[in-house]
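What follows is the content of coords_33.pdb (PDB, C-alpha atoms).
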ATOM      1  CA  MET A   1       0.000   0.000   0.000  1.00  0.00           C
ATOM      2  CA  SER A   2       2.477   2.633   1.153  1.00  0.00           C
ATOM      3  CA  SER A   3       5.787   2.946   2.895  1.00  0.00           C
ATOM      4  CA  ILE A   4       4.289   4.313   6.118  1.00  0.00           C
ATOM      5  CA  PRO A   5       4.650   1.827   8.979  1.00  0.00           C
ATOM      6  CA  ASN A   6       1.330   0.649  10.438  1.00  0.00           C
ATOM      7  CA  PRO A   7       1.886   1.996  13.978  1.00  0.00           C
ATOM      8  CA  VAL A   8       2.682   5.457  12.621  1.00  0.00           C
ATOM      9  CA  LEU A   9      -0.327   5.398  10.304  1.00  0.00           C
ATOM     10  CA  TRP A  10      -2.754   4.418  13.063  1.00  0.00           C
ATOM     11  CA  THR A  11      -1.229   6.923  15.475  1.00  0.00           C
ATOM     12  CA  VAL A  12      -1.788   9.703  12.952  1.00  0.00           C
ATOM     13  CA  ILE A  13      -5.368   8.543  12.249  1.00  0.00           C
ATOM     14  CA  ALA A  14      -6.166   8.389  15.980  1.00  0.00           C
ATOM     15  CA  GLY A  15      -4.568  11.801  16.538  1.00  0.00           C
ATOM     16  CA  LEU A  16      -6.577  13.367  13.735  1.00  0.00           C
ATOM     17  CA  ALA A  17      -9.776  11.811  15.081  1.00  0.00           C
ATOM     18  CA  LEU A  18      -9.123  13.130  18.588  1.00  0.00           C
ATOM     19  CA  GLY A  19      -8.149  16.553  17.266  1.00  0.00           C
ATOM     20  CA  SER A  20     -11.286  16.766  15.130  1.00  0.00           C
ATOM     21  CA  TYR A  21     -13.465  15.764  18.079  1.00  0.00           C
ATOM     22  CA  ALA A  22     -11.717  18.265  20.345  1.00  0.00           C
ATOM     23  CA  LEU A  23     -12.258  21.130  17.889  1.00  0.00           C
ATOM     24  CA  ARG A  24     -15.941  20.343  17.595  1.00  0.00           C
ATOM     25  CA  PHE A  25     -16.344  19.923  21.354  1.00  0.00           C
ATOM     26  CA  VAL A  26     -14.669  23.243  22.090  1.00  0.00           C
ATOM     27  CA  PHE A  27     -17.085  25.001  19.777  1.00  0.00           C
ATOM     28  CA  LEU A  28     -20.290  23.114  20.532  1.00  0.00           C
ATOM     29  CA  GLY A  29     -19.738  21.398  23.889  1.00  0.00           C
ATOM     30  CA  PHE A  30     -18.755  24.473  25.810  1.00  0.00           C
ATOM     31  CA  MET A  31     -21.683  26.426  24.370  1.00  0.00           C
ATOM     32  CA  GLY A  32     -24.030  24.565  26.708  1.00  0.00           C
ATOM     33  CA  GLY A  33     -27.640  25.564  26.245  1.00  0.00           C
ATOM     34  CA  ARG A  34     -26.863  29.145  25.272  1.00  0.00           C
ATOM     35  CA  PRO A  35     -28.252  30.451  21.987  1.00  0.00           C
ATOM     36  CA  ILE A  36     -25.871  31.040  19.105  1.00  0.00           C
ATOM     37  CA  ALA A  37     -25.712  34.535  17.618  1.00  0.00           C
ATOM     38  CA  PRO A  38     -27.815  34.980  14.468  1.00  0.00           C
ATOM     39  CA  TRP A  39     -24.830  36.117  12.374  1.00  0.00           C
ATOM     40  CA  LEU A  40     -22.928  32.954  13.358  1.00  0.00           C
ATOM     41  CA  MET A  41     -25.907  30.726  12.565  1.00  0.00           C
ATOM     42  CA  ARG A  42     -26.146  32.353   9.140  1.00  0.00           C
ATOM     43  CA  HIS A  43     -22.494  31.443   8.432  1.00  0.00           C
ATOM     44  CA  LEU A  44     -22.856  27.924   9.808  1.00  0.00           C
ATOM     45  CA  ARG A  45     -25.817  27.310   7.526  1.00  0.00           C
ATOM     46  CA  TYR A  46     -23.509  27.439   4.485  1.00  0.00           C
ATOM     47  CA  THR A  47     -20.889  25.049   5.855  1.00  0.00           C
ATOM     48  CA  ALA A  48     -22.582  21.882   4.614  1.00  0.00           C
ATOM     49  CA  VAL A  49     -23.179  23.467   1.214  1.00  0.00           C
ATOM     50  CA  ALA A  50     -19.483  24.264   0.856  1.00  0.00           C
ATOM     51  CA  VAL A  51     -18.071  20.904   1.978  1.00  0.00           C
ATOM     52  CA  LEU A  52     -19.384  18.702  -0.844  1.00  0.00           C
ATOM     53  CA  PRO A  53     -18.171  20.939  -3.705  1.00  0.00           C
ATOM     54  CA  ALA A  54     -14.810  21.294  -1.973  1.00  0.00           C
ATOM     55  CA  LEU A  55     -14.455  17.512  -1.874  1.00  0.00           C
ATOM     56  CA  VAL A  56     -15.644  16.947  -5.436  1.00  0.00           C
ATOM     57  CA  ALA A  57     -13.972  19.839  -7.293  1.00  0.00           C
ATOM     58  CA  PRO A  58     -10.477  18.273  -7.407  1.00  0.00           C
ATOM     59  CA  LEU A  59     -11.993  15.027  -8.700  1.00  0.00           C
ATOM     60  CA  VAL A  60     -13.669  16.925 -11.530  1.00  0.00           C
ATOM     61  CA  VAL A  61     -10.671  19.045 -12.500  1.00  0.00           C
ATOM     62  CA  TRP A  62      -8.025  16.312 -12.083  1.00  0.00           C
ATOM     63  CA  PRO A  63      -9.852  12.962 -12.390  1.00  0.00           C
ATOM     64  CA  ALA A  64      -7.927   9.862 -11.338  1.00  0.00           C
ATOM     65  CA  PRO A  65      -9.094   7.626 -14.239  1.00  0.00           C
ATOM     66  CA  THR A  66      -7.371   9.967 -16.706  1.00  0.00           C
ATOM     67  CA  ASP A  67      -4.221  10.357 -14.570  1.00  0.00           C
ATOM     68  CA  GLY A  68      -5.062  13.939 -13.718  1.00  0.00           C
ATOM     69  CA  THR A  69      -5.801  15.105 -17.235  1.00  0.00           C
ATOM     70  CA  PRO A  70      -9.004  17.166 -17.452  1.00  0.00           C
ATOM     71  CA  SER A  71     -11.861  15.174 -18.966  1.00  0.00           C
ATOM     72  CA  LEU A  72     -14.889  16.468 -20.827  1.00  0.00           C
ATOM     73  CA  ILE A  73     -16.970  13.608 -19.406  1.00  0.00           C
ATOM     74  CA  HIS A  74     -16.273  14.733 -15.833  1.00  0.00           C
ATOM     75  CA  PHE A  75     -17.004  18.371 -16.637  1.00  0.00           C
ATOM     76  CA  ALA A  76     -20.281  17.390 -18.338  1.00  0.00           C
ATOM     77  CA  ALA A  77     -21.357  15.302 -15.335  1.00  0.00           C
ATOM     78  CA  ALA A  78     -20.474  18.169 -12.992  1.00  0.00           C
ATOM     79  CA  ALA A  79     -22.476  20.576 -15.161  1.00  0.00           C
ATOM     80  CA  ALA A  80     -25.471  18.218 -15.081  1.00  0.00           C
ATOM     81  CA  THR A  81     -25.190  17.936 -11.315  1.00  0.00           C
ATOM     82  CA  PHE A  82     -25.006  21.699 -10.900  1.00  0.00           C
ATOM     83  CA  THR A  83     -27.908  22.323 -13.265  1.00  0.00           C
ATOM     84  CA  VAL A  84     -30.228  19.801 -11.625  1.00  0.00           C
ATOM     85  CA  GLY A  85     -29.265  21.047  -8.170  1.00  0.00           C
ATOM     86  CA  TYR A  86     -29.841  24.668  -9.134  1.00  0.00           C
ATOM     87  CA  VAL A  87     -33.178  24.010 -10.792  1.00  0.00           C
ATOM     88  CA  THR A  88     -34.651  21.575  -8.259  1.00  0.00           C
ATOM     89  CA  ARG A  89     -32.904  22.819  -5.090  1.00  0.00           C
ATOM     90  CA  ASN A  90     -32.630  19.151  -4.088  1.00  0.00           C
ATOM     91  CA  VAL A  91     -29.261  17.612  -3.230  1.00  0.00           C
ATOM     92  CA  LEU A  92     -30.389  14.028  -3.753  1.00  0.00           C
ATOM     93  CA  TYR A  93     -31.711  14.743  -7.252  1.00  0.00           C
ATOM     94  CA  ALA A  94     -28.474  16.534  -8.111  1.00  0.00           C
ATOM     95  CA  LEU A  95     -26.329  13.660  -6.861  1.00  0.00           C
ATOM     96  CA  ALA A  96     -28.430  11.141  -8.747  1.00  0.00           C
ATOM     97  CA  ALA A  97     -28.300  13.189 -11.942  1.00  0.00           C
ATOM     98  CA  GLY A  98     -24.531  13.540 -11.679  1.00  0.00           C
ATOM     99  CA  GLY A  99     -24.002   9.845 -11.053  1.00  0.00           C
ATOM    100  CA  VAL A 100     -26.332   8.743 -13.837  1.00  0.00           C
ATOM    101  CA  SER A 101     -24.874  11.220 -16.321  1.00  0.00           C
ATOM    102  CA  LEU A 102     -21.320  10.125 -15.478  1.00  0.00           C
ATOM    103  CA  LEU A 103     -22.263   6.478 -15.901  1.00  0.00           C
ATOM    104  CA  LEU A 104     -24.070   7.062 -19.186  1.00  0.00           C
ATOM    105  CA  LEU A 105     -21.246   9.188 -20.575  1.00  0.00           C
ATOM    106  CA  TYR A 106     -18.669   6.521 -19.655  1.00  0.00           C
ATOM    107  CA  LEU A 107     -20.788   3.813 -21.282  1.00  0.00           C
ATOM    108  CA  ALA A 108     -21.264   5.932 -24.412  1.00  0.00           C
ATOM    109  CA  ALA A 109     -17.553   6.726 -24.757  1.00  0.00           C
TER
END
As structure tokens, please, write out the structure in this file.
Amino acid sequence: MSSIPNPVLWTVIAGLALGSYALRFVFLGFMGGRPIAPWLMRHLRYTAVAVLPALVAPLVVWPAPTDGTPSLIHFAAAAATFTVGYVTRNVLYALAAGGVSLLLLYLAA
């Protein structure tokens, strides 16, 4: 798999898990039952919307099946996903449209 020894790999994974939990606990756990400021809630509302595109964008621009070379099939599937999501305002429809369009474009190519 890789040249990283197993104990080091699992130590890093456990450390990242604990660090991620600690960051979330500091923000949410110490808040208690107090209300969150409206301006902060407005910013937090967009966090989930930003995470998925941030994870997918590198896979569209530099797809692994083409060894990092931009692919028209991936851009077309991303455009279909964006269009369906924008029109329907439904994440599940957008994901389904993107997956189906990518599959159909791969089968047609």
Next on the checklist: Please compute the atom CA of Arg89 of chain A-atom CA of Ala77 of chain A distance, one decimal, in Å.
Outcome noted: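 Atom CA of Ala77 of chain A lies at a distance of 17.2 Å from atom CA of Arg89 of chain A.
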Checklist entry - List as an MDAnalysis selection string: which residues have an atom within 12 Å of (-26.5, 19.5, -16.2), counting all atoms listed in the file? => result chainID A and resid 73:88 93:102
Item to check | Gap from atom CA of Asn90 of chain A to atom CA of Pro65 of chain A - Å, one decimal | outcome: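 Between these atoms lies a distance of 28.1 Å.
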Checklist entry - Residues at most 12 Å from segment 41-51 of chain A, counting all atoms listed in the file, excluding those fewer than 2 positions away in the same chain, as a list of chain:residue names? => result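 Neighbouring residues, sequence-local ones excluded: A:Phe27, A:Pro35, A:Ile36, A:Ala37, A:Pro38, A:Trp39, A:Pro53, A:Ala54, A:Leu55, A:Val56, A:Ala57, A:Gly85, A:Arg89, A:Asn90, A:Val91.
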Checklist outcome for this item: What separates atom CA of Ser71 of chain A and atom CA of Tyr106 of chain A is a distance of 11.0 Å
